[in-house]
file input-v1.cif (mmCIF, N, CA and C atoms)
data_coords
#
loop_
_atom_site.label_atom_id
_atom_site.label_comp_id
_atom_site.auth_asym_id
_atom_site.auth_seq_id
_atom_site.Cartn_x
_atom_site.Cartn_y
_atom_site.Cartn_z
N ALA A 204 203.02 145.71 82.92
CA ALA A 204 202.99 145.82 81.47
C ALA A 204 203.60 147.15 81.02
N LEU A 205 203.31 148.21 81.76
CA LEU A 205 203.81 149.54 81.39
C LEU A 205 205.34 149.58 81.40
N LEU A 206 205.95 149.02 82.43
CA LEU A 206 207.41 149.02 82.50
C LEU A 206 208.02 148.19 81.37
N GLY A 207 207.35 147.14 80.98
CA GLY A 207 207.80 146.34 79.84
C GLY A 207 207.76 147.14 78.55
N GLU A 208 206.72 147.94 78.36
CA GLU A 208 206.61 148.78 77.17
C GLU A 208 207.67 149.88 77.17
N ILE A 209 207.97 150.41 78.34
CA ILE A 209 209.03 151.41 78.44
C ILE A 209 210.37 150.79 78.08
N ALA A 210 210.63 149.58 78.56
CA ALA A 210 211.87 148.88 78.24
C ALA A 210 211.96 148.60 76.74
N GLU A 211 210.83 148.25 76.12
CA GLU A 211 210.81 148.00 74.68
C GLU A 211 211.12 149.28 73.90
N SER A 212 210.57 150.41 74.36
CA SER A 212 210.86 151.70 73.71
C SER A 212 212.34 152.05 73.81
N SER A 213 212.94 151.77 74.98
CA SER A 213 214.36 152.07 75.13
C SER A 213 215.20 151.22 74.19
N SER A 214 214.81 149.97 74.02
CA SER A 214 215.53 149.09 73.11
C SER A 214 215.40 149.56 71.66
N GLN A 215 214.20 149.96 71.25
CA GLN A 215 213.97 150.43 69.89
C GLN A 215 214.75 151.71 69.59
N CYS A 216 214.95 152.54 70.62
CA CYS A 216 215.67 153.81 70.42
C CYS A 216 217.17 153.64 70.62
N GLY A 217 217.61 152.47 71.05
CA GLY A 217 219.03 152.20 71.19
C GLY A 217 219.66 152.82 72.42
N VAL A 218 218.89 152.97 73.50
CA VAL A 218 219.42 153.50 74.74
C VAL A 218 219.30 152.44 75.83
N THR A 219 220.02 152.66 76.91
CA THR A 219 219.92 151.75 78.04
C THR A 219 219.25 152.46 79.21
N THR A 220 218.45 151.73 79.92
CA THR A 220 217.83 152.25 81.14
C THR A 220 218.59 151.64 82.30
N ASP A 221 219.41 152.46 82.94
CA ASP A 221 220.30 151.97 83.99
C ASP A 221 219.56 151.66 85.27
N SER A 222 218.56 152.44 85.61
CA SER A 222 217.78 152.17 86.82
C SER A 222 216.38 152.75 86.65
N ILE A 223 215.42 152.04 87.20
CA ILE A 223 214.03 152.50 87.20
C ILE A 223 213.49 152.32 88.61
N THR A 224 212.97 153.39 89.17
CA THR A 224 212.29 153.31 90.46
C THR A 224 210.90 153.89 90.29
N TYR A 225 209.97 153.38 91.07
CA TYR A 225 208.62 153.92 91.00
C TYR A 225 207.98 153.91 92.38
N LYS A 226 207.07 154.85 92.55
CA LYS A 226 206.36 154.98 93.82
C LYS A 226 204.88 155.10 93.49
N PRO A 227 204.07 154.11 93.94
CA PRO A 227 202.64 154.17 93.65
C PRO A 227 201.91 155.10 94.61
N ASP A 228 200.85 155.70 94.10
CA ASP A 228 199.99 156.56 94.90
C ASP A 228 198.57 156.33 94.41
N PHE A 229 197.58 156.49 95.29
CA PHE A 229 196.19 156.26 94.93
C PHE A 229 195.44 157.57 95.00
N ILE A 230 194.77 157.94 93.90
CA ILE A 230 193.93 159.13 93.86
C ILE A 230 192.50 158.65 94.02
N LYS A 231 192.04 158.69 95.24
CA LYS A 231 190.78 158.05 95.64
C LYS A 231 189.57 158.60 94.89
N ASP A 232 189.44 159.93 94.83
CA ASP A 232 188.25 160.51 94.21
C ASP A 232 188.16 160.26 92.70
N ARG A 233 189.26 159.93 92.07
CA ARG A 233 189.28 159.63 90.63
C ARG A 233 189.42 158.14 90.33
N LYS A 234 189.62 157.34 91.37
CA LYS A 234 189.86 155.90 91.23
C LYS A 234 191.01 155.62 90.26
N LEU A 235 192.12 156.32 90.49
CA LEU A 235 193.31 156.17 89.67
C LEU A 235 194.50 155.79 90.52
N LEU A 236 195.37 155.00 89.93
CA LEU A 236 196.68 154.74 90.51
C LEU A 236 197.66 155.64 89.78
N ALA A 237 198.45 156.38 90.53
CA ALA A 237 199.46 157.26 89.93
C ALA A 237 200.82 156.73 90.33
N TYR A 238 201.63 156.39 89.35
CA TYR A 238 202.98 155.90 89.60
C TYR A 238 203.97 156.98 89.24
N GLN A 239 204.72 157.44 90.22
CA GLN A 239 205.80 158.39 89.96
C GLN A 239 207.04 157.56 89.62
N ILE A 240 207.52 157.70 88.40
CA ILE A 240 208.60 156.88 87.87
C ILE A 240 209.83 157.76 87.64
N THR A 241 210.97 157.31 88.13
CA THR A 241 212.24 157.97 87.87
C THR A 241 213.17 156.97 87.22
N MET A 242 213.80 157.37 86.13
CA MET A 242 214.71 156.45 85.45
C MET A 242 215.93 157.17 84.92
N ALA A 243 217.01 156.43 84.86
CA ALA A 243 218.26 156.91 84.27
C ALA A 243 218.39 156.25 82.90
N VAL A 244 218.57 157.06 81.89
CA VAL A 244 218.68 156.59 80.51
C VAL A 244 219.99 157.12 79.94
N SER A 245 220.69 156.30 79.16
CA SER A 245 221.92 156.77 78.55
C SER A 245 222.09 156.19 77.15
N GLY A 246 222.81 156.93 76.33
CA GLY A 246 223.08 156.51 74.96
C GLY A 246 223.44 157.72 74.12
N ARG A 247 223.43 157.54 72.81
CA ARG A 247 223.71 158.64 71.89
C ARG A 247 222.58 159.67 72.02
N TYR A 248 222.88 160.93 71.72
CA TYR A 248 221.89 162.00 71.85
C TYR A 248 220.64 161.69 71.04
N SER A 249 220.80 161.20 69.82
CA SER A 249 219.64 160.91 68.97
C SER A 249 218.76 159.82 69.59
N GLY A 250 219.38 158.84 70.23
CA GLY A 250 218.61 157.78 70.88
C GLY A 250 217.87 158.27 72.11
N VAL A 251 218.53 159.12 72.88
CA VAL A 251 217.89 159.69 74.07
C VAL A 251 216.72 160.57 73.65
N ARG A 252 216.93 161.35 72.61
CA ARG A 252 215.85 162.21 72.08
C ARG A 252 214.69 161.36 71.58
N CYS A 253 214.98 160.26 70.90
CA CYS A 253 213.96 159.33 70.42
C CYS A 253 213.15 158.78 71.59
N PHE A 254 213.85 158.35 72.64
CA PHE A 254 213.18 157.78 73.81
C PHE A 254 212.29 158.81 74.49
N LEU A 255 212.76 160.03 74.64
CA LEU A 255 211.96 161.09 75.26
C LEU A 255 210.71 161.35 74.42
N TYR A 256 210.85 161.37 73.11
CA TYR A 256 209.70 161.55 72.21
C TYR A 256 208.70 160.41 72.40
N GLU A 257 209.19 159.19 72.49
CA GLU A 257 208.31 158.03 72.70
C GLU A 257 207.50 158.17 73.99
N MET A 258 208.14 158.67 75.04
CA MET A 258 207.44 158.84 76.32
C MET A 258 206.41 159.97 76.24
N GLN A 259 206.72 161.01 75.48
CA GLN A 259 205.79 162.14 75.36
C GLN A 259 204.57 161.83 74.51
N THR A 260 204.69 160.88 73.60
CA THR A 260 203.60 160.60 72.66
C THR A 260 202.90 159.27 72.92
N ARG A 261 203.07 158.72 74.10
CA ARG A 261 202.38 157.47 74.44
C ARG A 261 200.87 157.68 74.39
N GLU A 262 200.12 156.64 74.04
CA GLU A 262 198.67 156.75 73.97
C GLU A 262 198.02 156.70 75.34
N ASP A 263 198.66 156.02 76.30
CA ASP A 263 198.10 156.01 77.65
C ASP A 263 198.52 157.30 78.36
N LEU A 264 198.00 157.51 79.54
CA LEU A 264 198.26 158.77 80.23
C LEU A 264 199.56 158.71 81.02
N VAL A 265 200.64 159.09 80.34
CA VAL A 265 201.96 159.20 80.95
C VAL A 265 202.41 160.64 80.76
N VAL A 266 202.75 161.29 81.86
CA VAL A 266 203.13 162.70 81.83
C VAL A 266 204.62 162.81 82.13
N VAL A 267 205.34 163.54 81.30
CA VAL A 267 206.75 163.82 81.57
C VAL A 267 206.79 165.00 82.54
N ASP A 268 207.24 164.73 83.76
CA ASP A 268 207.31 165.76 84.79
C ASP A 268 208.59 166.59 84.69
N GLY A 269 209.65 166.00 84.15
CA GLY A 269 210.90 166.73 83.99
C GLY A 269 212.03 165.80 83.59
N PHE A 270 213.10 166.39 83.10
CA PHE A 270 214.28 165.61 82.74
C PHE A 270 215.51 166.49 82.82
N VAL A 271 216.65 165.84 83.02
CA VAL A 271 217.94 166.52 83.07
C VAL A 271 218.89 165.74 82.16
N LEU A 272 219.55 166.46 81.25
CA LEU A 272 220.53 165.85 80.35
C LEU A 272 221.93 166.21 80.81
N LYS A 273 222.84 165.24 80.69
CA LYS A 273 224.25 165.46 81.03
C LYS A 273 225.13 164.78 80.02
N ASN A 274 226.28 165.38 79.78
CA ASN A 274 227.32 164.77 78.96
C ASN A 274 228.63 165.00 79.72
N ASP A 275 229.16 163.94 80.31
CA ASP A 275 230.35 164.06 81.15
C ASP A 275 231.65 164.15 80.36
N ASP A 276 231.64 163.76 79.10
CA ASP A 276 232.86 163.77 78.29
C ASP A 276 232.58 164.48 76.97
N ALA A 277 233.20 165.63 76.78
CA ALA A 277 232.96 166.44 75.58
C ALA A 277 233.44 165.75 74.30
N TYR A 278 234.25 164.70 74.43
CA TYR A 278 234.80 164.01 73.26
C TYR A 278 234.02 162.75 72.89
N LYS A 279 233.00 162.41 73.66
CA LYS A 279 232.17 161.24 73.36
C LYS A 279 230.72 161.67 73.25
N GLU A 280 230.03 161.05 72.31
CA GLU A 280 228.60 161.33 72.18
C GLU A 280 227.83 160.34 73.04
N ASN A 281 227.90 160.53 74.33
CA ASN A 281 227.15 159.70 75.26
C ASN A 281 226.44 160.63 76.23
N VAL A 282 225.13 160.61 76.16
CA VAL A 282 224.31 161.51 76.97
C VAL A 282 223.61 160.68 78.03
N SER A 283 223.55 161.23 79.23
CA SER A 283 222.79 160.63 80.33
C SER A 283 221.58 161.51 80.59
N MET A 284 220.46 160.87 80.85
CA MET A 284 219.24 161.62 81.15
C MET A 284 218.58 161.04 82.38
N GLU A 285 218.22 161.91 83.30
CA GLU A 285 217.36 161.50 84.41
C GLU A 285 215.96 161.96 84.03
N LEU A 286 215.04 161.02 83.94
CA LEU A 286 213.69 161.29 83.46
C LEU A 286 212.69 161.02 84.58
N LYS A 287 211.78 161.95 84.80
CA LYS A 287 210.73 161.77 85.80
C LYS A 287 209.38 161.79 85.09
N LEU A 288 208.62 160.72 85.31
CA LEU A 288 207.32 160.54 84.69
C LEU A 288 206.27 160.28 85.77
N THR A 289 205.02 160.54 85.43
CA THR A 289 203.90 160.06 86.23
C THR A 289 202.97 159.32 85.28
N ALA A 290 202.66 158.08 85.63
CA ALA A 290 201.74 157.26 84.84
C ALA A 290 200.44 157.10 85.63
N TYR A 291 199.34 157.36 84.98
CA TYR A 291 198.02 157.25 85.62
C TYR A 291 197.31 156.03 85.05
N LEU A 292 196.93 155.13 85.93
CA LEU A 292 196.26 153.89 85.55
C LEU A 292 194.95 153.76 86.30
N ARG A 293 193.96 153.19 85.66
CA ARG A 293 192.67 152.97 86.32
C ARG A 293 192.80 151.91 87.39
N ASP A 294 192.13 152.15 88.50
CA ASP A 294 192.03 151.14 89.56
C ASP A 294 190.67 150.48 89.43
N ASP A 295 190.64 149.31 88.79
CA ASP A 295 189.38 148.63 88.54
C ASP A 295 188.91 147.78 89.70
N ALA A 296 189.62 147.82 90.83
CA ALA A 296 189.24 147.00 91.98
C ALA A 296 188.03 147.58 92.69
#
call {"tool": "encode", "arguments": {"input": "input-v1.cif", "output": "structure tokens"}}
result
Amino acid sequence: ALLGEIAESSSQCGVTTDSITYKPDFIKDRKLLAYQITMAVSGRYSGVRCFLYEMQTREDLVVVDGFVLKNDDAYKENVSMELKLTAYLRDDA
């Protein structure tokens, strides 16, 4: 469900998510699942900024661990961002 919501946010901000990878981890003493998510996002600067804002202000516990912005062509407004997140979810099992 979380990845679907992230995809919906990217669509609303007008950016594309070129790749998403995630690695699950279990925090036993807290009964939490921690997903380390890495994604490539591209689009206009305003859209990338919108998407980053959406990730920072989510109501669930998603932490922005870092991001890198690139613009390979000074004559086009197309920004690429590598975004690293950690999402913490309850393990109800």
call {"tool": "residues_around", "arguments": {"input": "input-v1.cif", "residues": "range 227-240 of chain A", "least_positions_apart": "5", "cutoff": "7 Å", "atoms": "only C-alpha atoms", "output": "JSON, numbers by chain"}}
result
{"A": [287, 288, 289, 290, 291, 292, 293, 294]}
call {"tool": "select_by_dssp", "arguments": {"input": "input-v1.cif", "residues": "chain A", "states": "helix (DSSP H, G or I)", "output": "PDB file with N, CA and C atoms, in the coordinates of the input"}}
result
ATOM      1  N   LEU A 205     203.310 148.210  81.760  1.00  0.00           N
ATOM      2  CA  LEU A 205     203.810 149.540  81.390  1.00  0.00           C
ATOM      3  C   LEU A 205     205.340 149.580  81.400  1.00  0.00           C
ATOM      4  N   LEU A 206     205.950 149.020  82.430  1.00  0.00           N
ATOM      5  CA  LEU A 206     207.410 149.020  82.500  1.00  0.00           C
ATOM      6  C   LEU A 206     208.020 148.190  81.370  1.00  0.00           C
ATOM      7  N   GLY A 207     207.350 147.140  80.980  1.00  0.00           N
ATOM      8  CA  GLY A 207     207.800 146.340  79.840  1.00  0.00           C
ATOM      9  C   GLY A 207     207.760 147.140  78.550  1.00  0.00           C
ATOM     10  N   GLU A 208     206.720 147.940  78.360  1.00  0.00           N
ATOM     11  CA  GLU A 208     206.610 148.780  77.170  1.00  0.00           C
ATOM     12  C   GLU A 208     207.670 149.880  77.170  1.00  0.00           C
ATOM     13  N   ILE A 209     207.970 150.410  78.340  1.00  0.00           N
ATOM     14  CA  ILE A 209     209.030 151.410  78.440  1.00  0.00           C
ATOM     15  C   ILE A 209     210.370 150.790  78.080  1.00  0.00           C
ATOM     16  N   ALA A 210     210.630 149.580  78.560  1.00  0.00           N
ATOM     17  CA  ALA A 210     211.870 148.880  78.240  1.00  0.00           C
ATOM     18  C   ALA A 210     211.960 148.600  76.740  1.00  0.00           C
ATOM     19  N   GLU A 211     210.830 148.250  76.120  1.00  0.00           N
ATOM     20  CA  GLU A 211     210.810 148.000  74.680  1.00  0.00           C
ATOM     21  C   GLU A 211     211.120 149.280  73.900  1.00  0.00           C
ATOM     22  N   SER A 212     210.570 150.410  74.360  1.00  0.00           N
ATOM     23  CA  SER A 212     210.860 151.700  73.710  1.00  0.00           C
ATOM     24  C   SER A 212     212.340 152.050  73.810  1.00  0.00           C
ATOM     25  N   SER A 213     212.940 151.770  74.980  1.00  0.00           N
ATOM     26  CA  SER A 213     214.360 152.070  75.130  1.00  0.00           C
ATOM     27  C   SER A 213     215.200 151.220  74.190  1.00  0.00           C
ATOM     28  N   SER A 214     214.810 149.970  74.020  1.00  0.00           N
ATOM     29  CA  SER A 214     215.530 149.090  73.110  1.00  0.00           C
ATOM     30  C   SER A 214     215.400 149.560  71.660  1.00  0.00           C
ATOM     31  N   GLN A 215     214.200 149.960  71.250  1.00  0.00           N
ATOM     32  CA  GLN A 215     213.970 150.430  69.890  1.00  0.00           C
ATOM     33  C   GLN A 215     214.750 151.710  69.590  1.00  0.00           C
ATOM     34  N   CYS A 216     214.950 152.540  70.620  1.00  0.00           N
ATOM     35  CA  CYS A 216     215.670 153.810  70.420  1.00  0.00           C
ATOM     36  C   CYS A 216     217.170 153.640  70.620  1.00  0.00           C
ATOM     37  N   LYS A 231     192.040 158.690  95.240  1.00  0.00           N
ATOM     38  CA  LYS A 231     190.780 158.050  95.640  1.00  0.00           C
ATOM     39  C   LYS A 231     189.570 158.600  94.890  1.00  0.00           C
ATOM     40  N   ASP A 232     189.440 159.930  94.830  1.00  0.00           N
ATOM     41  CA  ASP A 232     188.250 160.510  94.210  1.00  0.00           C
ATOM     42  C   ASP A 232     188.160 160.260  92.700  1.00  0.00           C
ATOM     43  N   ARG A 233     189.260 159.930  92.070  1.00  0.00           N
ATOM     44  CA  ARG A 233     189.280 159.630  90.630  1.00  0.00           C
ATOM     45  C   ARG A 233     189.420 158.140  90.330  1.00  0.00           C
ATOM     46  N   TYR A 248     222.880 160.930  71.720  1.00  0.00           N
ATOM     47  CA  TYR A 248     221.890 162.000  71.850  1.00  0.00           C
ATOM     48  C   TYR A 248     220.640 161.690  71.040  1.00  0.00           C
ATOM     49  N   SER A 249     220.800 161.200  69.820  1.00  0.00           N
ATOM     50  CA  SER A 249     219.640 160.910  68.970  1.00  0.00           C
ATOM     51  C   SER A 249     218.760 159.820  69.590  1.00  0.00           C
ATOM     52  N   GLY A 250     219.380 158.840  70.230  1.00  0.00           N
ATOM     53  CA  GLY A 250     218.610 157.780  70.880  1.00  0.00           C
ATOM     54  C   GLY A 250     217.870 158.270  72.110  1.00  0.00           C
ATOM     55  N   VAL A 251     218.530 159.120  72.880  1.00  0.00           N
ATOM     56  CA  VAL A 251     217.890 159.690  74.070  1.00  0.00           C
ATOM     57  C   VAL A 251     216.720 160.570  73.650  1.00  0.00           C
ATOM     58  N   ARG A 252     216.930 161.350  72.610  1.00  0.00           N
ATOM     59  CA  ARG A 252     215.850 162.210  72.080  1.00  0.00           C
ATOM     60  C   ARG A 252     214.690 161.360  71.580  1.00  0.00           C
ATOM     61  N   CYS A 253     214.980 160.260  70.900  1.00  0.00           N
ATOM     62  CA  CYS A 253     213.960 159.330  70.420  1.00  0.00           C
ATOM     63  C   CYS A 253     213.150 158.780  71.590  1.00  0.00           C
ATOM     64  N   PHE A 254     213.850 158.350  72.640  1.00  0.00           N
ATOM     65  CA  PHE A 254     213.180 157.780  73.810  1.00  0.00           C
ATOM     66  C   PHE A 254     212.290 158.810  74.490  1.00  0.00           C
ATOM     67  N   LEU A 255     212.760 160.030  74.640  1.00  0.00           N
ATOM     68  CA  LEU A 255     211.960 161.090  75.260  1.00  0.00           C
ATOM     69  C   LEU A 255     210.710 161.350  74.420  1.00  0.00           C
ATOM     70  N   TYR A 256     210.850 161.370  73.110  1.00  0.00           N
ATOM     71  CA  TYR A 256     209.700 161.550  72.210  1.00  0.00           C
ATOM     72  C   TYR A 256     208.700 160.410  72.400  1.00  0.00           C
ATOM     73  N   GLU A 257     209.190 159.190  72.490  1.00  0.00           N
ATOM     74  CA  GLU A 257     208.310 158.030  72.700  1.00  0.00           C
ATOM     75  C   GLU A 257     207.500 158.170  73.990  1.00  0.00           C
ATOM     76  N   MET A 258     208.140 158.670  75.040  1.00  0.00           N
ATOM     77  CA  MET A 258     207.440 158.840  76.320  1.00  0.00           C
ATOM     78  C   MET A 258     206.410 159.970  76.240  1.00  0.00           C
ATOM     79  N   GLN A 259     206.720 161.010  75.480  1.00  0.00           N
ATOM     80  CA  GLN A 259     205.790 162.140  75.360  1.00  0.00           C
ATOM     81  C   GLN A 259     204.570 161.830  74.510  1.00  0.00           C
TER      82      GLN A 259
END
call {"tool": "select_by_dssp", "arguments": {"input": "input-v1.cif", "residues": "range 235-267 of chain A", "states": "strand (DSSP E)", "output": "PyMOL selection string"}}
result
chain A and resi 235-246+265-267
call {"tool": "write_last_selection", "arguments": {"input": "input-v1.cif", "atoms": "N, CA and C atoms", "output": "PDB file, keeping the file's coordinate frame"}}
result
ATOM      1  N   LEU A 235     192.120 156.320  90.490  1.00  0.00           N
ATOM      2  CA  LEU A 235     193.310 156.170  89.670  1.00  0.00           C
ATOM      3  C   LEU A 235     194.500 155.790  90.520  1.00  0.00           C
ATOM      4  N   LEU A 236     195.370 155.000  89.930  1.00  0.00           N
ATOM      5  CA  LEU A 236     196.680 154.740  90.510  1.00  0.00           C
ATOM      6  C   LEU A 236     197.660 155.640  89.780  1.00  0.00           C
ATOM      7  N   ALA A 237     198.450 156.380  90.530  1.00  0.00           N
ATOM      8  CA  ALA A 237     199.460 157.260  89.930  1.00  0.00           C
ATOM      9  C   ALA A 237     200.820 156.730  90.330  1.00  0.00           C
ATOM     10  N   TYR A 238     201.630 156.390  89.350  1.00  0.00           N
ATOM     11  CA  TYR A 238     202.980 155.900  89.600  1.00  0.00           C
ATOM     12  C   TYR A 238     203.970 156.980  89.240  1.00  0.00           C
ATOM     13  N   GLN A 239     204.720 157.440  90.220  1.00  0.00           N
ATOM     14  CA  GLN A 239     205.800 158.390  89.960  1.00  0.00           C
ATOM     15  C   GLN A 239     207.040 157.560  89.620  1.00  0.00           C
ATOM     16  N   ILE A 240     207.520 157.700  88.400  1.00  0.00           N
ATOM     17  CA  ILE A 240     208.600 156.880  87.870  1.00  0.00           C
ATOM     18  C   ILE A 240     209.830 157.760  87.640  1.00  0.00           C
ATOM     19  N   THR A 241     210.970 157.310  88.130  1.00  0.00           N
ATOM     20  CA  THR A 241     212.240 157.970  87.870  1.00  0.00           C
ATOM     21  C   THR A 241     213.170 156.970  87.220  1.00  0.00           C
ATOM     22  N   MET A 242     213.800 157.370  86.130  1.00  0.00           N
ATOM     23  CA  MET A 242     214.710 156.450  85.450  1.00  0.00           C
ATOM     24  C   MET A 242     215.930 157.170  84.920  1.00  0.00           C
ATOM     25  N   ALA A 243     217.010 156.430  84.860  1.00  0.00           N
ATOM     26  CA  ALA A 243     218.260 156.910  84.270  1.00  0.00           C
ATOM     27  C   ALA A 243     218.390 156.250  82.900  1.00  0.00           C
ATOM     28  N   VAL A 244     218.570 157.060  81.890  1.00  0.00           N
ATOM     29  CA  VAL A 244     218.680 156.590  80.510  1.00  0.00           C
ATOM     30  C   VAL A 244     219.990 157.120  79.940  1.00  0.00           C
ATOM     31  N   SER A 245     220.690 156.300  79.160  1.00  0.00           N
ATOM     32  CA  SER A 245     221.920 156.770  78.550  1.00  0.00           C
ATOM     33  C   SER A 245     222.090 156.190  77.150  1.00  0.00           C
ATOM     34  N   GLY A 246     222.810 156.930  76.330  1.00  0.00           N
ATOM     35  CA  GLY A 246     223.080 156.510  74.960  1.00  0.00           C
ATOM     36  C   GLY A 246     223.440 157.720  74.120  1.00  0.00           C
ATOM     37  N   VAL A 265     200.640 159.090  80.340  1.00  0.00           N
ATOM     38  CA  VAL A 265     201.960 159.200  80.950  1.00  0.00           C
ATOM     39  C   VAL A 265     202.410 160.640  80.760  1.00  0.00           C
ATOM     40  N   VAL A 266     202.750 161.290  81.860  1.00  0.00           N
ATOM     41  CA  VAL A 266     203.130 162.700  81.830  1.00  0.00           C
ATOM     42  C   VAL A 266     204.620 162.810  82.130  1.00  0.00           C
ATOM     43  N   VAL A 267     205.340 163.540  81.300  1.00  0.00           N
ATOM     44  CA  VAL A 267     206.750 163.820  81.570  1.00  0.00           C
ATOM     45  C   VAL A 267     206.790 165.000  82.540  1.00  0.00           C
TER      46      VAL A 267
END
call {"tool": "atom_distance", "arguments": {"input": "input-v1.cif", "atom1": "atom C of Thr260 in chain A", "atom2": "CA of Asn281 in chain A"}}
result
24.4 Å
call {"tool": "residues_near_point", "arguments": {"input": "input-v1.cif", "point": "(209.1, 164.6, 81.0)", "cutoff": "6.5 Å", "atoms": "only N, CA and C atoms", "output": "ChimeraX atom specification"}}
result
/A:266-270,286-288
call {"tool": "write_last_selection", "arguments": {"input": "input-v1.cif", "atoms": "N, CA and C atoms", "output": "CSV table (one decimal), in the coordinates of the input"}}
result
chain,number,residue,atom,x,y,z
A,266,VAL,N,202.8,161.3,81.9
A,266,VAL,CA,203.1,162.7,81.8
A,266,VAL,C,204.6,162.8,82.1
A,267,VAL,N,205.3,163.5,81.3
A,267,VAL,CA,206.8,163.8,81.6
A,267,VAL,C,206.8,165.0,82.5
A,268,ASP,N,207.2,164.7,83.8
A,268,ASP,CA,207.3,165.8,84.8
A,268,ASP,C,208.6,166.6,84.7
A,269,GLY,N,209.6,166.0,84.2
A,269,GLY,CA,210.9,166.7,84.0
A,269,GLY,C,212.0,165.8,83.6
A,270,PHE,N,213.1,166.4,83.1
A,270,PHE,CA,214.3,165.6,82.7
A,270,PHE,C,215.5,166.5,82.8
A,286,LEU,N,215.0,161.0,83.9
A,286,LEU,CA,213.7,161.3,83.5
A,286,LEU,C,212.7,161.0,84.6
A,287,LYS,N,211.8,162.0,84.8
A,287,LYS,CA,210.7,161.8,85.8
A,287,LYS,C,209.4,161.8,85.1
A,288,LEU,N,208.6,160.7,85.3
A,288,LEU,CA,207.3,160.5,84.7
A,288,LEU,C,206.3,160.3,85.8
call {"tool": "resolve_selection", "arguments": {"input": "input-v1.cif", "expression": "the PyMOL selection byres (((chain A and resi 242 and name CA) around 8) and name CA)", "output": "number ranges by chain"}}
result
A: 220-224, 240-241, 243-244, 285-287
call {"tool": "axis_aligned_box", "arguments": {"input": "input-v1.cif", "around": "range 276-294 of chain A", "padding_each_side": "5 Å", "output": "JSON"}}
result
{"center_x": 212.7, "center_y": 158.5, "center_z": 80.9, "size_x": 54.1, "size_y": 26.0, "size_z": 27.4}
call {"tool": "residues_around", "arguments": {"input": "input-v1.cif", "residues": "Lys279 in chain A", "least_positions_apart": "6", "cutoff": "12 Å", "atoms": "only C-alpha atoms", "output": "MDAnalysis selection string"}}
result
chainID A and resid 246:248 273
call {"tool": "resolve_selection", "arguments": {"input": "input-v1.cif", "expression": "the PyMOL selection byres ((chain A and resi 251) around 8)", "output": "list in words"}}
result
Cys216, Gly217, Val218, Thr219, Val244, Ser245, Gly246, Arg247, Tyr248, Ser249, Gly250, Arg252, Cys253, Phe254, Leu255, Tyr256, Glu257, Val282, Ser283 and Met284 of chain A
call {"tool": "atom_distance", "arguments": {"input": "input-v1.cif", "atom1": "atom N of Ser213 in chain A", "atom2": "CA of Arg261 in chain A"}}
result
12.0 Å
call {"tool": "atom_distance", "arguments": {"input": "input-v1.cif", "atom1": "CA of Leu206 in chain A", "atom2": "atom C of Val271 in chain A"}}
result
20.3 Å
